Amino acid sequence: MSEEIEETKTSEEATGEEQREMEDKVISPEKAEEAKLKKRYPNLGAKPGGSDLLRKRLQKGQKYFDSGDYNMAKAKVKNKQLPAATAEKTEITGDHIPTPQDLPQRKPSLVASKLAV
Amino acid sequence: MAGVGGGNDFQWCFSQVKGAIDEDVAEADIISTVEFNYSGELLATGDKGGRVVIFQREQESKNRPHSRGEYNVYSTFQSHEPEFDYLKSLEIEEKINKIRWLPQQNAAHFLLSTNDKTIKLWKISERDKRAEGYNLKDEDGRLRDPFRITSLRVPVLMPMDLMVEASPRRIFANAHTYHINSISVNSDHETYLSADDLRINLWHLEITDRSFNIVDIKPANMEELTEVITAAECHPHQCNVFVYSSSKGTIRLCDMRAAALCDRHTKFFEEPEDPSSRSFFSEIISSISDVKFSHSGRYMMTRDYLSVKVWDLNMENRPVETYQVHEYLRSKLCSLYENDCIFDKFECCWNGSDGAIMTGSYNNFFRMFDRNTRKDVTLEASRESSKPRAVLKPRKVCTGGKRKKDEISVDSLDFNKKILHTAWHPKENVIAVAATNNLYIFQDKIN
C-alpha cells in the first residue's frame with residue numbers, strides 16, 4: 001500500500017485524470033476493494049442491494065419438489081432397478097427429481113444442549 | 001486500564017464459560033440468542049438446534065464472598081423443531097432467532113421464543129411440593145381397591161426436590177410469510193410485536209388466532225423491492241411507539257395512535273451520505289442488523305457492519321454518536337463479500353445506566369464503548385483467559401506496518417469466530433458473550 005502512495009507522488013508522467021483516479025484508490029479503501037471485486041467478477045451488476053440480493057434473502061429455505069414429476073418418475077422406474085442414491089446429498093436445486101432419500105433428514109435434536117451440562 | 005462501563009479503575013474478569021471445548025462444533029450447538037430477564041436473575045440462551053437453556057444466578061453466600069453469584073442451569077427445553085412446509089416447499093429451521101422475557105408478574109417466569117415462522121410463549125415454573133396421601137390411589141399411582149378403603153384422609157403437601165418445568169402456553173403461528181427477525185414485548189405488558197422481512201404484526205399475549213398487521217412494505221410488484229425490514233423494537237415506556245430498521249440503513253419511528261397501518265412513519269432517521277464516497281459495498285455495509293432503545297427511552301442505538309450509532313429520538317438527520325467497531329475491515333470488503341461475512345448480523349446492547357454500549361466482532365473479540373469518557377476497549381472471549389477471576393487484557397488489531405508484540409494483524413483474524421450475540425445485565429456489570437457454541441460470563445473485578 002505504501003509503495004502505491006510513493007508512486008502516486010513521484011510519477012510525473014501520469015496525466016491529471018489518471019492521477020486523480022489513483023488518488024481515489026489510495027484515499028478510499030472501499031473503492032479499491034470495489035475495483036478488486038469487479039476484476040474478479042466482471043458480470044456483477046452495478047446495483048448490489050437491488051432486488052436480486054433481497055429476493056435471495058427472502059427465498060432462504062426453498063427446496064424444490066414437484067409431486068407430479070416425482071410420481072411420474074416413480075412409475076417409470078418401477079420396472080427398472082432403482083439407481084443407487086448418489087452420495088451428493090447437498091443441494092436439491094431442481095435439475096433432478098428429488099426422492100425422499102435425497103432430502104436431508106430434518107429430525108429434531110433429541111440431544112440436550114451442551115450448555116446444560 | 002480498561003476503564004469502560006464503570007470508573008477509571010474498572011476491569012472485566014472472567015467468571016464462567018459454558019459449553020463443550022472440543023474443536024468440532026455441531027451446527028445445532030451454535031448459540032443464536034442471549035437475553036437477561038428484567039432482574040438479571042435469569043439468563044436465557046437459544047441455539048440453532050431449537051433448544052433453550054436458562055441459567056439462574058445463585059444467591060451470594062457468606063461462605064464464598066468472592067464468587068459473585070454464578071449462573072447455573074435452571075431449565076432447558078426444546079422450544080422449536082424443524083418443519084417442512086409442503087405447500088410452499090419451504091424448509092423451516094428450528095433455530096431460535098430471538099428470546100424476549102416478559103416482566104415477572106407472579107412466581108412463574110414467562111418468555112417468548114421465536115424461529116423463522118412461529119412464536120411461542122413459554123411458562124417456566126417451579127414445583128417444590130407434592131401432594132401425598134390420596135384416597136383413591138397409592139403413592140406409586142396404582143388405584144386402590146375401593147372396598148379396602150375404610151377411612152378418609154386429607155392429602156398433605158410434602159416438600160420434594162425442586163423441579164423446574166417449562167410448558168408452552170401459547171403458540172402464535174401462521175402470521176408470517178417471510179422470516180421473523182425480531183420480537184419485542186410492549187411496555188403495556190399485554191401486547192408484543194413480531195417483524196419479518198416485509199411486515200410487522202402486533203399481537204395480544206392472550207390471543208393466538210389473530211394479529212394486527214401494522215407495517216407492510218411489500219411492493220405490489222416484487223421486482224420493485226428495494227429494502228427489507230431488518231429489526232424492530234417497542235419503545236420502553238411509550239406503548240404506542242415502535243421503531244424498525246431497514247437494509248438501507250434507515251430507521252422509521254411509528255406511532256400507533258396515528259393510524260391502524262403504520263406505513264407512514266412519524267420520524268425517519270437517516271444519516272446523509274457523501275455521494276462521492278459511494279461504492280458497490282455502501283448499501284450492504286449500511287444495512288442495520290440491530291436496533292435497541294436505551295433504557296431511558298431517549299436514545300436508540302443501531303448496528304451496521306462497521307459501526308454502532310447512537311441516535312437522539314429528537315434528531316432525525318444524523319446520529320449523535322458514532323463508534324467504529326472494526327474500521328480496519330473496510331479494506332477487506334472484497335474478501336468479506338466473497339465469504340459472505342459482510343452479511344453477518346451483529347447485535348448491540350446498552351448497560352443498565354445507558355453509559356456504555358457493547359457489540360461483537362471477529363476473532364472472538366468484542367468491543368465496549370463508554371459514552372461518557374469516550375474510551376473504548378477490545379476484549380476477547382477465549383479459553384486461554386478463562387482462569388477464575390482472571391482480568392481480561394485489552395486486545396489490539398494492527399492495521400499495517402509494524403506489528404507490536406501483543407497485537408494481532410488483520411490478516412490473522414479468524415472470521416469464523418464471530419461474536420454476534422451479547423447481553424448486559426440490566427443492573428450490574430455482568431455480561432454474557434456468545435462465542436459460537438460457548439457462552440462466556442464476565443463480571444467486574446471485586447476489589
# chains A, B, ... in the order shown; residues from 1 in each chain; ligands from 1

call {"tool": "residues_around", "arguments": {"residues": "segment 32-37 of chain A", "least_positions_apart": "4", "cutoff": "8 Å", "atoms": "only C-alpha atoms", "output": "PyMOL selection string"}}
result
(chain A and resi 25-26+28+41) or (chain B and resi 279-281+331-334)

call {"tool": "write_last_selection", "arguments": {"atoms": "N, CA and C atoms", "output": "compact mmCIF listing (two decimals), in the first residue's frame"}}
result
# COMPACT_ATOMS: atom_id res chain seq x y z
N LYS A 25 -8.13 5.72 -5.42
CA LYS A 25 -7.91 4.37 -4.88
C LYS A 25 -7.15 4.45 -3.57
N VAL A 26 -6.25 5.37 -3.50
CA VAL A 26 -5.44 5.48 -2.30
C VAL A 26 -6.29 6.03 -1.16
N SER A 28 -9.64 6.02 -0.81
CA SER A 28 -10.77 5.23 -0.36
C SER A 28 -10.48 3.73 -0.48
N TYR A 41 -15.17 -10.50 -10.78
CA TYR A 41 -16.50 -10.84 -11.28
C TYR A 41 -16.98 -9.76 -12.24
N SER B 279 -19.82 3.37 -2.92
CA SER B 279 -19.20 2.27 -3.64
C SER B 279 -20.19 1.13 -3.75
N PHE B 280 -19.76 0.07 -4.36
CA PHE B 280 -20.58 -1.13 -4.50
C PHE B 280 -21.02 -1.64 -3.13
N PHE B 281 -20.17 -1.45 -2.13
CA PHE B 281 -20.45 -2.01 -0.81
C PHE B 281 -21.27 -1.10 0.09
N SER B 331 -10.89 -2.17 4.29
CA SER B 331 -10.01 -2.52 3.18
C SER B 331 -10.00 -4.02 2.93
N LYS B 332 -10.96 -4.73 3.50
CA LYS B 332 -11.06 -6.18 3.28
C LYS B 332 -12.44 -6.54 2.73
N LEU B 333 -13.20 -5.53 2.33
CA LEU B 333 -14.60 -5.78 1.97
C LEU B 333 -14.77 -6.76 0.82
N CYS B 334 -13.80 -6.77 -0.09
CA CYS B 334 -13.91 -7.67 -1.24
C CYS B 334 -13.94 -9.12 -0.76

call {"tool": "residues_around", "arguments": {"residues": "segment 240-257 of chain B", "least_positions_apart": "6", "cutoff": "7 Å", "atoms": "only C-alpha atoms", "output": "list of chain:residue names"}}
result
B:Glu227, B:Val228, B:Ile229, B:Thr230, B:Ala231, B:Ala232, B:Glu233, B:Cys234, B:His265, B:Thr266, B:Lys267, B:Phe268, B:Phe269, B:Glu270, B:Glu283, B:Ser286, B:Ser287, B:Ile288, B:Val291

call {"tool": "residues_around", "arguments": {"residues": "Arg199 of chain B", "least_positions_apart": "5", "cutoff": "10 Å", "atoms": "only C-alpha atoms", "output": "list in words"}}
result
Ala175, His176, Thr177, Tyr178, His179, Ile180, Ser194, Asn213, Ile214, Val215, Asp216, Ile217, Lys218, Val228, Ile229 and Asp263 of chain B

call {"tool": "write_last_selection", "arguments": {"atoms": "N, CA, C and O atoms", "output": "mmCIF file, in the first residue's frame"}}
result
data_model
loop_
_atom_site.group_PDB
_atom_site.id
_atom_site.type_symbol
_atom_site.label_atom_id
_atom_site.label_comp_id
_atom_site.auth_asym_id
_atom_site.auth_seq_id
_atom_site.Cartn_x
_atom_site.Cartn_y
_atom_site.Cartn_z
ATOM 1 N N ALA B 175 -48.578 -16.392 10.917
ATOM 2 C CA ALA B 175 -48.835 -14.976 10.667
ATOM 3 C C ALA B 175 -47.740 -14.322 9.836
ATOM 4 O O ALA B 175 -47.815 -13.140 9.529
ATOM 5 N N HIS B 176 -46.691 -15.097 9.526
ATOM 6 C CA HIS B 176 -45.567 -14.504 8.805
ATOM 7 C C HIS B 176 -45.217 -15.306 7.570
ATOM 8 O O HIS B 176 -44.888 -16.488 7.656
ATOM 9 N N THR B 177 -45.298 -14.631 6.431
ATOM 10 C CA THR B 177 -44.915 -15.270 5.173
ATOM 11 C C THR B 177 -43.399 -15.303 5.045
ATOM 12 O O THR B 177 -42.832 -16.216 4.463
ATOM 13 N N TYR B 178 -42.745 -14.275 5.582
ATOM 14 C CA TYR B 178 -41.297 -14.166 5.460
ATOM 15 C C TYR B 178 -40.656 -14.483 6.808
ATOM 16 O O TYR B 178 -41.348 -14.802 7.766
ATOM 17 N N HIS B 179 -39.339 -14.402 6.887
ATOM 18 C CA HIS B 179 -38.644 -14.876 8.085
ATOM 19 C C HIS B 179 -38.629 -13.849 9.203
ATOM 20 O O HIS B 179 -38.201 -12.714 9.012
ATOM 21 N N ILE B 180 -39.101 -14.290 10.388
ATOM 22 C CA ILE B 180 -39.157 -13.407 11.543
ATOM 23 C C ILE B 180 -37.742 -13.061 11.987
ATOM 24 O O ILE B 180 -36.920 -13.959 12.198
ATOM 25 N N SER B 194 -44.037 -8.605 16.286
ATOM 26 C CA SER B 194 -43.122 -9.534 15.614
ATOM 27 C C SER B 194 -42.891 -8.975 14.215
ATOM 28 O O SER B 194 -43.828 -8.505 13.572
ATOM 29 N N ASN B 213 -51.773 -6.477 11.488
ATOM 30 C CA ASN B 213 -50.623 -6.091 10.683
ATOM 31 C C ASN B 213 -50.469 -4.576 10.806
ATOM 32 O O ASN B 213 -51.392 -3.828 10.492
ATOM 33 N N ILE B 214 -49.331 -4.106 11.309
ATOM 34 C CA ILE B 214 -49.158 -2.660 11.487
ATOM 35 C C ILE B 214 -48.162 -2.037 10.516
ATOM 36 O O ILE B 214 -48.142 -0.821 10.356
ATOM 37 N N VAL B 215 -47.323 -2.847 9.885
ATOM 38 C CA VAL B 215 -46.430 -2.321 8.852
ATOM 39 C C VAL B 215 -46.367 -3.345 7.728
ATOM 40 O O VAL B 215 -46.210 -4.540 7.985
ATOM 41 N N ASP B 216 -46.489 -2.837 6.496
ATOM 42 C CA ASP B 216 -46.410 -3.738 5.340
ATOM 43 C C ASP B 216 -45.641 -3.003 4.246
ATOM 44 O O ASP B 216 -46.149 -2.049 3.670
ATOM 45 N N ILE B 217 -44.400 -3.424 3.993
ATOM 46 C CA ILE B 217 -43.627 -2.717 2.959
ATOM 47 C C ILE B 217 -43.467 -3.561 1.702
ATOM 48 O O ILE B 217 -42.612 -3.290 0.863
ATOM 49 N N LYS B 218 -44.317 -4.562 1.573
ATOM 50 C CA LYS B 218 -44.218 -5.396 0.371
ATOM 51 C C LYS B 218 -44.729 -4.604 -0.825
ATOM 52 O O LYS B 218 -45.844 -4.101 -0.807
ATOM 53 N N VAL B 228 -35.609 -4.217 2.881
ATOM 54 C CA VAL B 228 -36.354 -5.098 3.772
ATOM 55 C C VAL B 228 -36.200 -4.610 5.203
ATOM 56 O O VAL B 228 -35.289 -3.847 5.523
ATOM 57 N N ILE B 229 -37.110 -5.082 6.056
ATOM 58 C CA ILE B 229 -37.052 -4.751 7.476
ATOM 59 C C ILE B 229 -36.010 -5.659 8.126
ATOM 60 O O ILE B 229 -36.005 -6.861 7.904
ATOM 61 N N ASP B 263 -47.786 2.508 7.836
ATOM 62 C CA ASP B 263 -46.899 2.540 6.681
ATOM 63 C C ASP B 263 -46.237 3.899 6.537
ATOM 64 O O ASP B 263 -45.181 4.024 5.946
#

call {"tool": "atom_distance", "arguments": {"atom1": "atom CA of Ser75 of chain B", "atom2": "atom CA of Ile21 of chain B"}}
result
21.6 Å

call {"tool": "interface_residues", "arguments": {"of": "chain B", "to": "chain A", "cutoff": "7 Å", "atoms": "only C-alpha atoms", "output": "PyMOL selection string"}}
result
chain B and resi 18-20+29+49+51+53+73+76+81-82+89-92+178+223-226+279-280+283-284+330-334

call {"tool": "write_last_selection", "arguments": {"atoms": "N, CA, C and O atoms", "output": "tab-separated table (two decimals), in the first residue's frame"}}
result
chain	number	residue	atom	x	y	z
B	18	LYS	N	-19.60	-21.72	29.52
B	18	LYS	CA	-20.48	-22.88	29.37
B	18	LYS	C	-20.34	-23.43	27.96
B	18	LYS	O	-20.19	-22.66	27.02
B	19	GLY	N	-20.42	-24.74	27.85
B	19	GLY	CA	-20.39	-25.35	26.53
B	19	GLY	C	-19.19	-26.25	26.37
B	19	GLY	O	-18.28	-26.28	27.18
B	20	ALA	N	-19.19	-27.02	25.26
B	20	ALA	CA	-18.14	-28.00	25.02
B	20	ALA	C	-16.86	-27.34	24.55
B	20	ALA	O	-16.88	-26.30	23.91
B	29	ASP	N	-25.40	-26.72	18.08
B	29	ASP	CA	-24.93	-26.12	19.33
B	29	ASP	C	-24.60	-24.64	19.20
B	29	ASP	O	-24.26	-23.99	20.19
B	49	GLY	N	-30.26	-25.54	17.24
B	49	GLY	CA	-30.99	-26.79	17.34
B	49	GLY	C	-32.38	-26.60	17.94
B	49	GLY	O	-33.07	-27.57	18.24
B	51	ARG	N	-33.14	-25.33	20.85
B	51	ARG	CA	-33.22	-25.55	22.30
B	51	ARG	C	-32.99	-24.26	23.06
B	51	ARG	O	-32.26	-23.37	22.60
B	53	VAL	N	-31.82	-22.82	26.88
B	53	VAL	CA	-31.23	-23.14	28.18
B	53	VAL	C	-31.32	-21.88	29.02
B	53	VAL	O	-30.95	-20.79	28.57
B	73	VAL	N	-27.41	-23.86	35.56
B	73	VAL	CA	-28.55	-24.28	34.74
B	73	VAL	C	-29.82	-24.36	35.59
B	73	VAL	O	-29.83	-24.98	36.64
B	76	THR	N	-34.01	-26.36	30.89
B	76	THR	CA	-33.67	-26.46	29.47
B	76	THR	C	-34.78	-27.23	28.77
B	76	THR	O	-35.36	-28.16	29.35
B	81	GLU	N	-38.99	-27.15	16.66
B	81	GLU	CA	-38.46	-28.29	15.93
B	81	GLU	C	-38.47	-27.98	14.43
B	81	GLU	O	-39.24	-27.14	13.98
B	82	PRO	N	-37.60	-28.66	13.68
B	82	PRO	CA	-37.58	-28.37	12.24
B	82	PRO	C	-38.90	-28.79	11.59
B	82	PRO	O	-39.51	-29.77	11.98
B	89	SER	N	-42.99	-25.66	-0.34
B	89	SER	CA	-41.67	-26.28	-0.50
B	89	SER	C	-40.63	-25.52	0.27
B	89	SER	O	-39.56	-25.22	-0.23
B	90	LEU	N	-40.95	-25.20	1.48
B	90	LEU	CA	-40.06	-24.39	2.28
B	90	LEU	C	-39.63	-25.12	3.54
B	90	LEU	O	-40.47	-25.64	4.28
B	91	GLU	N	-38.33	-25.13	3.74
B	91	GLU	CA	-37.80	-25.77	4.94
B	91	GLU	C	-37.78	-24.73	6.05
B	91	GLU	O	-37.28	-23.62	5.85
B	92	ILE	N	-38.34	-25.05	7.21
B	92	ILE	CA	-38.37	-24.10	8.31
B	92	ILE	C	-37.39	-24.55	9.37
B	92	ILE	O	-37.57	-25.59	10.00
B	178	TYR	N	-42.75	-14.28	5.58
B	178	TYR	CA	-41.30	-14.17	5.46
B	178	TYR	C	-40.66	-14.48	6.81
B	178	TYR	O	-41.35	-14.80	7.77
B	223	GLU	N	-40.53	-7.08	-8.20
B	223	GLU	CA	-39.35	-6.61	-8.92
B	223	GLU	C	-38.92	-5.25	-8.38
B	223	GLU	O	-37.77	-4.84	-8.55
B	224	GLU	N	-39.87	-4.53	-7.77
B	224	GLU	CA	-39.57	-3.19	-7.28
B	224	GLU	C	-39.04	-3.21	-5.85
B	224	GLU	O	-38.86	-2.16	-5.24
B	225	LEU	N	-38.79	-4.37	-5.31
B	225	LEU	CA	-38.31	-4.46	-3.93
B	225	LEU	C	-36.93	-3.84	-3.80
B	225	LEU	O	-36.00	-4.21	-4.52
B	226	THR	N	-36.80	-2.87	-2.89
B	226	THR	CA	-35.50	-2.23	-2.73
B	226	THR	C	-34.95	-2.34	-1.31
B	226	THR	O	-33.77	-2.19	-1.09
B	279	SER	N	-19.82	3.37	-2.92
B	279	SER	CA	-19.20	2.27	-3.64
B	279	SER	C	-20.19	1.13	-3.75
B	279	SER	O	-21.31	1.22	-3.27
B	280	PHE	N	-19.76	0.07	-4.36
B	280	PHE	CA	-20.58	-1.13	-4.50
B	280	PHE	C	-21.02	-1.64	-3.13
B	280	PHE	O	-22.11	-2.17	-2.97
B	283	GLU	N	-24.24	0.23	0.31
B	283	GLU	CA	-25.57	-0.13	0.83
B	283	GLU	C	-25.51	-1.36	1.71
B	283	GLU	O	-26.17	-1.44	2.74
B	284	ILE	N	-24.67	-2.32	1.31
B	284	ILE	CA	-24.61	-3.56	2.08
B	284	ILE	C	-24.09	-3.29	3.49
B	284	ILE	O	-24.63	-3.79	4.47
B	330	ARG	N	-12.60	-2.22	6.43
B	330	ARG	CA	-13.04	-1.51	5.23
B	330	ARG	C	-12.16	-1.85	4.04
B	330	ARG	O	-12.62	-1.87	2.89
B	331	SER	N	-10.89	-2.17	4.29
B	331	SER	CA	-10.01	-2.52	3.18
B	331	SER	C	-10.00	-4.02	2.93
B	331	SER	O	-9.14	-4.53	2.22
B	332	LYS	N	-10.96	-4.73	3.50
B	332	LYS	CA	-11.06	-6.18	3.28
B	332	LYS	C	-12.44	-6.54	2.73
B	332	LYS	O	-12.83	-7.72	2.72
B	333	LEU	N	-13.20	-5.53	2.33
B	333	LEU	CA	-14.60	-5.78	1.97
B	333	LEU	C	-14.77	-6.76	0.82
B	333	LEU	O	-15.75	-7.49	0.76
B	334	CYS	N	-13.80	-6.77	-0.09
B	334	CYS	CA	-13.91	-7.67	-1.24
B	334	CYS	C	-13.94	-9.12	-0.76
B	334	CYS	O	-14.85	-9.88	-1.13
